[in-house]
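A.B. asks: What follows is coords.cif, mmCIF, C-alpha atoms.
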data_target
#
loop_
_atom_site.label_atom_id
_atom_site.label_comp_id
_atom_site.auth_asym_id
_atom_site.auth_seq_id
_atom_site.Cartn_x
_atom_site.Cartn_y
_atom_site.Cartn_z
CA MET K 1 32.83 -41.84 19.97
CA ASN K 2 30.13 -43.57 22.00
CA ASN K 3 26.61 -44.31 20.75
CA HIS K 4 25.09 -41.50 22.79
CA ALA K 5 27.37 -38.89 21.22
CA ALA K 6 26.66 -40.12 17.68
CA THR K 7 22.93 -40.15 18.38
CA GLN K 8 22.99 -36.62 19.75
CA LEU K 9 24.93 -35.30 16.76
CA LEU K 10 22.33 -36.72 14.37
CA LEU K 11 19.38 -35.48 16.41
CA ASP K 12 20.92 -32.01 16.67
CA ALA K 13 21.42 -31.93 12.90
CA ARG K 14 17.82 -33.03 12.36
CA ALA K 15 16.49 -30.36 14.73
CA SER K 16 18.65 -27.48 13.50
CA GLY K 17 18.65 -28.24 9.79
CA ALA K 18 22.44 -27.82 9.75
CA LEU K 19 24.35 -30.55 7.96
CA LEU K 20 26.69 -32.69 10.03
CA ASP K 21 30.15 -33.42 8.62
CA TRP K 22 30.05 -37.21 8.24
CA ARG K 23 33.70 -37.40 9.34
CA ARG K 24 32.57 -36.42 12.84
CA LEU K 25 30.31 -39.47 13.06
CA ALA K 26 32.64 -42.25 14.19
CA VAL K 27 30.39 -45.24 13.53
CA GLY K 28 32.48 -48.23 12.53
CA ASP K 29 30.18 -51.22 12.03
CA ALA K 30 26.60 -52.32 11.45
CA ALA K 31 25.92 -53.16 15.11
CA THR K 32 26.85 -49.63 16.17
CA ALA K 33 24.85 -48.09 13.33
CA TYR K 34 21.74 -50.06 14.32
CA ALA K 35 22.19 -49.08 17.98
CA VAL K 36 22.33 -45.41 16.96
CA GLN K 37 19.20 -45.87 14.85
CA ASP K 38 17.38 -47.32 17.87
CA ALA K 39 18.50 -44.50 20.14
CA GLN K 40 17.19 -41.92 17.67
CA LEU K 41 13.82 -43.65 17.40
CA ALA K 42 13.54 -43.63 21.19
CA ARG K 43 13.57 -39.82 20.91
CA LEU K 44 11.75 -39.31 17.62
CA GLY K 45 8.66 -41.27 18.58
CA PRO K 46 7.11 -44.63 17.82
CA VAL K 47 8.21 -46.89 15.00
CA GLY K 48 5.72 -46.66 12.14
CA GLY K 49 7.49 -49.12 9.90
CA TRP K 50 10.74 -50.35 8.43
CA LYS K 51 12.77 -49.86 5.28
CA VAL K 52 14.83 -52.73 3.97
CA GLY K 53 16.99 -53.12 0.92
CA SER K 54 19.32 -55.62 -0.67
CA LYS K 55 21.94 -55.41 -3.38
CA GLY K 56 20.83 -58.81 -4.65
CA ASP K 57 24.41 -60.09 -4.64
CA GLY K 58 24.17 -62.43 -1.67
CA SER K 59 25.33 -59.86 0.86
CA GLU K 60 23.27 -59.20 3.97
CA PRO K 61 20.37 -56.75 3.54
CA ALA K 62 20.32 -53.47 5.46
CA CYS K 63 17.43 -51.81 7.22
CA SER K 64 16.20 -48.96 9.38
CA PRO K 65 13.17 -48.31 11.56
CA LEU K 66 11.00 -45.42 10.34
CA PRO K 67 9.46 -42.80 12.63
CA ALA K 68 5.66 -42.81 12.46
CA SER K 69 5.81 -39.01 12.19
CA GLY K 70 7.50 -39.30 8.79
CA MET K 71 4.92 -41.62 7.26
CA LEU K 72 2.61 -39.41 5.23
CA ALA K 73 -0.61 -39.83 3.29
CA ALA K 74 -0.73 -39.15 -0.44
CA GLY K 75 -1.37 -35.51 -1.27
CA ALA K 76 1.00 -34.15 1.37
CA GLU K 77 3.07 -31.04 0.71
CA LEU K 78 6.65 -31.11 1.97
CA SER K 79 8.00 -27.66 2.75
CA GLY K 80 10.95 -26.37 4.71
CA PRO K 81 14.75 -26.25 4.68
CA GLN K 82 15.09 -29.93 5.63
CA TRP K 83 14.18 -30.94 2.07
CA ARG K 84 17.53 -30.37 0.38
CA MET K 85 18.21 -33.47 -1.71
CA ARG K 86 14.58 -34.22 -2.59
CA GLY K 87 15.64 -37.71 -3.67
CA LEU K 88 12.77 -39.93 -4.75
CA GLU K 89 12.27 -43.68 -4.98
CA ALA K 90 9.10 -45.46 -6.08
CA GLU K 91 8.72 -48.51 -3.85
CA LEU K 92 6.52 -51.46 -3.04
CA ALA K 93 5.30 -51.34 0.56
CA LEU K 94 3.45 -53.96 2.57
CA ARG K 95 1.26 -53.54 5.65
CA VAL K 96 1.70 -55.81 8.66
CA GLY K 97 -1.68 -57.36 9.47
CA ARG K 98 -0.85 -58.83 12.88
CA ASP K 99 1.86 -58.66 15.50
CA PHE K 100 4.67 -60.97 14.43
CA ASP K 101 7.67 -62.18 16.40
CA PRO K 102 9.54 -65.12 14.81
CA GLY K 103 12.26 -65.08 17.46
CA ASP K 104 15.42 -66.67 16.08
CA ALA K 105 13.56 -68.55 13.35
CA LEU K 106 13.77 -67.48 9.71
CA PRO K 107 10.10 -67.40 8.61
CA SER K 108 9.06 -69.04 5.38
CA ARG K 109 7.48 -67.28 2.43
CA GLU K 110 4.18 -68.99 3.22
CA GLU K 111 4.28 -67.76 6.81
CA LEU K 112 5.06 -64.20 5.73
CA LEU K 113 2.16 -64.22 3.29
CA GLN K 114 -0.11 -64.68 6.31
CA VAL K 115 1.51 -61.76 8.17
CA PHE K 116 0.93 -59.03 5.59
CA ASP K 117 -2.64 -57.97 4.81
CA ALA K 118 -2.12 -55.26 2.16
CA VAL K 119 0.22 -53.88 -0.48
CA LEU K 120 0.52 -50.24 -1.41
CA PRO K 121 2.55 -47.95 -3.63
CA ALA K 122 4.96 -45.68 -1.81
CA ILE K 123 7.49 -42.95 -2.47
CA GLU K 124 10.46 -42.71 -0.17
CA VAL K 125 11.89 -39.21 0.07
CA VAL K 126 15.66 -39.56 0.40
CA GLU K 127 17.33 -37.02 2.67
CA THR K 128 20.46 -36.97 4.77
CA ARG K 129 21.64 -35.17 7.86
CA LEU K 130 25.25 -35.67 6.67
CA GLY K 131 27.31 -33.04 4.88
CA GLN K 132 30.64 -32.99 3.05
CA PRO K 133 29.60 -35.44 0.31
CA PRO K 134 30.35 -37.99 -0.83
CA CYS K 135 30.06 -39.85 2.45
CA GLY K 136 33.00 -42.23 2.74
CA ASN K 137 31.59 -44.19 5.68
CA PRO K 138 28.62 -46.46 4.85
CA TRP K 139 28.02 -47.10 8.57
CA ALA K 140 27.49 -43.37 9.13
CA ALA K 141 24.86 -43.33 6.39
CA MET K 142 23.23 -46.39 7.95
CA ALA K 143 23.16 -44.69 11.35
CA ASP K 144 21.41 -41.73 9.67
CA LEU K 145 18.33 -43.95 9.24
CA GLN K 146 19.70 -44.93 5.83
CA SER K 147 19.13 -41.39 4.52
CA HIS K 148 15.40 -41.59 5.20
CA GLY K 149 13.39 -38.39 4.95
CA ALA K 150 9.75 -39.45 4.66
CA LEU K 151 7.56 -42.20 3.25
CA VAL K 152 4.48 -41.12 1.29
CA LEU K 153 1.86 -43.86 1.12
CA GLY K 154 -0.80 -44.62 -1.44
CA THR K 155 -4.07 -46.50 -0.96
CA PRO K 156 -3.67 -50.02 0.49
CA LEU K 157 -4.98 -52.93 -1.55
CA PRO K 158 -5.62 -56.42 -0.16
CA MET K 159 -2.74 -58.84 -0.63
CA PRO K 160 -3.14 -60.20 -4.17
CA ALA K 161 -3.79 -63.87 -4.83
CA ILE K 162 -0.42 -64.05 -6.58
CA ALA K 163 2.30 -62.86 -4.22
CA PRO K 164 4.16 -59.70 -5.32
CA ASP K 165 7.47 -60.30 -7.07
CA LEU K 166 9.99 -57.46 -7.31
CA ARG K 167 11.44 -59.07 -10.42
CA THR K 168 8.27 -58.43 -12.41
CA ILE K 169 6.89 -55.21 -10.91
CA GLY K 170 6.63 -52.32 -13.34
CA ALA K 171 7.12 -48.88 -11.78
CA SER K 172 7.31 -45.31 -13.01
CA LEU K 173 8.04 -41.91 -11.53
CA ALA K 174 6.93 -38.54 -12.91
CA LEU K 175 7.79 -34.95 -11.99
CA ASP K 176 5.23 -32.27 -12.88
CA GLY K 177 3.58 -34.78 -15.18
CA LYS K 178 6.76 -35.66 -17.07
CA GLU K 179 7.90 -39.27 -16.71
CA VAL K 180 11.53 -39.43 -15.57
CA ALA K 181 11.86 -43.17 -14.86
CA ARG K 182 10.12 -46.37 -15.92
CA MET K 183 11.46 -49.81 -15.08
CA THR K 184 10.33 -53.41 -14.76
CA GLY K 185 12.18 -55.43 -12.17
CA GLY K 186 14.23 -52.36 -11.28
CA ASN K 187 14.68 -53.29 -7.63
CA PRO K 188 18.10 -54.98 -7.27
CA ALA K 189 16.91 -57.17 -4.38
CA GLY K 190 15.32 -59.60 -6.80
CA ASP K 191 13.32 -62.12 -4.78
CA LEU K 192 11.37 -60.18 -2.15
CA TRP K 193 10.68 -62.94 0.35
CA PRO K 194 14.16 -63.92 1.58
CA MET K 195 14.81 -60.23 2.27
CA LEU K 196 11.58 -59.93 4.27
CA ALA K 197 12.39 -63.12 6.18
CA TRP K 198 15.77 -61.66 7.11
CA LEU K 199 14.11 -58.43 8.24
CA ALA K 200 11.49 -60.19 10.39
CA ARG K 201 14.16 -62.14 12.25
CA HIS K 202 16.46 -59.12 12.49
CA CYS K 203 13.73 -56.97 14.03
CA ALA K 204 12.82 -59.71 16.53
CA ARG K 205 16.45 -60.17 17.57
CA ARG K 206 16.72 -56.41 17.93
CA GLY K 207 13.82 -56.42 20.39
CA MET K 208 11.54 -54.59 17.94
CA PRO K 209 9.30 -57.27 16.35
CA TRP K 210 6.73 -56.15 13.81
CA LYS K 211 3.48 -54.67 15.09
CA LYS K 212 0.09 -54.68 13.42
CA GLY K 213 -0.32 -51.66 11.15
CA GLN K 214 3.39 -51.06 10.57
CA ILE K 215 4.55 -50.55 6.99
CA VAL K 216 7.53 -52.33 5.45
CA THR K 217 8.97 -50.69 2.35
CA THR K 218 11.28 -52.74 0.18
CA GLY K 219 13.68 -50.55 -1.79
CA SER K 220 13.66 -48.56 -4.98
CA CYS K 221 11.99 -49.88 -8.12
CA THR K 222 13.05 -46.83 -10.17
CA GLY K 223 16.48 -45.84 -8.90
CA VAL K 224 16.85 -42.47 -7.19
CA GLN K 225 15.46 -39.46 -9.01
CA TYR K 226 15.61 -35.83 -7.87
CA ALA K 227 13.02 -33.06 -7.75
CA ARG K 228 13.22 -29.29 -7.52
CA PRO K 229 11.20 -27.11 -5.12
CA GLY K 230 7.56 -26.71 -6.11
CA MET K 231 7.37 -29.94 -8.11
CA LYS K 232 4.57 -32.48 -7.99
CA VAL K 233 5.76 -36.07 -7.70
CA GLU K 234 3.78 -39.13 -8.80
CA ALA K 235 4.71 -42.80 -8.73
CA VAL K 236 2.78 -45.68 -10.29
CA LEU K 237 3.24 -49.36 -9.49
CA GLU K 238 1.49 -51.47 -12.10
CA GLY K 239 -1.47 -53.30 -10.64
CA MET K 240 -1.12 -51.51 -7.29
CA GLY K 241 -2.07 -47.94 -8.04
CA ALA K 242 -0.49 -44.51 -7.81
CA VAL K 243 0.72 -42.18 -5.08
CA ALA K 244 1.49 -38.46 -5.38
CA PHE K 245 2.62 -35.52 -3.29
CA SER K 246 4.33 -32.18 -3.86
CA PHE K 247 7.21 -30.08 -2.60
CA GLY K 248 6.54 -26.53 -1.53
CA ASP K 249 8.37 -23.63 -3.16
#
Please re-express this file's structure in structure tokens.
C.D. replies:
Amino acid sequence: MNNHAATQLLLDARASGALLDWRRLAVGDAATAYAVQDAQLARLGPVGGWKVGSKGDGSEPACSPLPASGMLAAGAELSGPQWRMRGLEAELALRVGRDFDPGDALPSREELLQVFDAVLPAIEVVETRLGQPPCGNPWAAMADLQSHGALVLGTPLPMPAIAPDLRTIGASLALDGKEVARMTGGNPAGDLWPMLAWLARHCARRGMPWKKGQIVTTGSCTGVQYARPGMKVEAVLEGMGAVAFSFGD
């Protein structure tokens, strides 16, 4: 299967709401998965940000560009048949304060601290266009924008004097007012800044360097939780505020 065919299958599934059997998506490596991501974004609209995550075990992080159309303000209501899984992750997000292209260089923590101008709480809504679970091909899931559905954003706060540290961030997630997850240091990535350095260089090499105003979200601080239709969702990141939205019935 060529990249065009894989891209079209995913876009058709997104448009129709019909799940795509992951076994039809012959994506065999990270380079192909990233190329299919890029081809989808060329059709879905401008890049509004990036998601990046790491297992914290020394393996390479993984990422996906995020369509600007799926980046939503707090208070949104998500309705429609595309919201099947309704997976939820409370996340730390950062706002890019200036265009940044490090080329082939791996930027330092100090340099990155001058790139971001705000932090904000976020909830990633986890959805997939792939059917026949469980998906036995991680590259297919990567090609599917890493199962990204939407990113709901809270109020930005200026970058704190002490740089954020995923290992100490406390986060909670509540459904209809009932807390379903609370963790401190729950993001497996551990140290945030090497992961962000990798992402900055990766995006530049990919020909998509960061642009001012883009949002970078950094992986789940609460694990994945699941909502039912009609539920209100709220996440709190200690010291950074809250963000909430709801699913329609």
A.B. asks: Just want the 9 Å neighbourhood of Gly17 (chain K), counted on only C-alpha atoms, with same-chain residues fewer than 3 positions away dropped. Output as number ranges by chain.
C.D. replies: K: 12-14, 81-82, 129
A.B. asks: List every protein, DNA or RNA residue that has an atom no more than 10 Å from (6.3, -52.2, -11.0) in the file's coordinate frame, counting only C-alpha atoms, and report them as a compact mmCIF listing (two decimals) with C-alpha atoms, in the frame of the given file.
C.D. replies:
# COMPACT_ATOMS: atom_id res chain seq x y z
CA ALA K 90 9.10 -45.46 -6.08
CA GLU K 91 8.72 -48.51 -3.85
CA LEU K 92 6.52 -51.46 -3.04
CA PRO K 121 2.55 -47.95 -3.63
CA PRO K 164 4.16 -59.70 -5.32
CA ASP K 165 7.47 -60.30 -7.07
CA LEU K 166 9.99 -57.46 -7.31
CA ARG K 167 11.44 -59.07 -10.42
CA THR K 168 8.27 -58.43 -12.41
CA ILE K 169 6.89 -55.21 -10.91
CA GLY K 170 6.63 -52.32 -13.34
CA ALA K 171 7.12 -48.88 -11.78
CA SER K 172 7.31 -45.31 -13.01
CA ARG K 182 10.12 -46.37 -15.92
CA MET K 183 11.46 -49.81 -15.08
CA THR K 184 10.33 -53.41 -14.76
CA GLY K 185 12.18 -55.43 -12.17
CA GLY K 186 14.23 -52.36 -11.28
CA ASN K 187 14.68 -53.29 -7.63
CA CYS K 221 11.99 -49.88 -8.12
CA THR K 222 13.05 -46.83 -10.17
CA ALA K 235 4.71 -42.80 -8.73
CA VAL K 236 2.78 -45.68 -10.29
CA LEU K 237 3.24 -49.36 -9.49
CA GLU K 238 1.49 -51.47 -12.10
CA GLY K 239 -1.47 -53.30 -10.64
CA MET K 240 -1.12 -51.51 -7.29
CA GLY K 241 -2.07 -47.94 -8.04
A.B. asks: Could you pull the residues within 8 Å of Leu157 (chain K), counting only C-alpha atoms, minus those fewer than 3 positions along the same chain, as a ChimeraX atom specification?
C.D. replies: /K:118-120,160,240
A.B. asks: Quick one: apply the PyMOL selection byres ((chain K and resi 150-156) around 9) to the file and drop the selected residues here as a PyMOL selection string.
C.D. replies: chain K and resi 66-67+69-76+93-95+118-127+148-149+157-159+217+240-245
A.B. asks: Can you list, as a PDB file with C-alpha atoms, keeping the file's coordinate frame, the residues that the PyMOL selection byres ((chain K and resi 30) around 10) selects here?
C.D. replies:
ATOM      1  CA  VAL K  27      30.390 -45.240  13.530  1.00  0.00           C
ATOM      2  CA  GLY K  28      32.480 -48.230  12.530  1.00  0.00           C
ATOM      3  CA  ASP K  29      30.180 -51.220  12.030  1.00  0.00           C
ATOM      4  CA  ALA K  31      25.920 -53.160  15.110  1.00  0.00           C
ATOM      5  CA  THR K  32      26.850 -49.630  16.170  1.00  0.00           C
ATOM      6  CA  ALA K  33      24.850 -48.090  13.330  1.00  0.00           C
ATOM      7  CA  TYR K  34      21.740 -50.060  14.320  1.00  0.00           C
ATOM      8  CA  ALA K  35      22.190 -49.080  17.980  1.00  0.00           C
ATOM      9  CA  VAL K  36      22.330 -45.410  16.960  1.00  0.00           C
ATOM     10  CA  ALA K  62      20.320 -53.470   5.460  1.00  0.00           C
ATOM     11  CA  PRO K 138      28.620 -46.460   4.850  1.00  0.00           C
ATOM     12  CA  TRP K 139      28.020 -47.100   8.570  1.00  0.00           C
ATOM     13  CA  ALA K 140      27.490 -43.370   9.130  1.00  0.00           C
ATOM     14  CA  MET K 142      23.230 -46.390   7.950  1.00  0.00           C
ATOM     15  CA  ALA K 143      23.160 -44.690  11.350  1.00  0.00           C
TER      16      ALA K 143
END
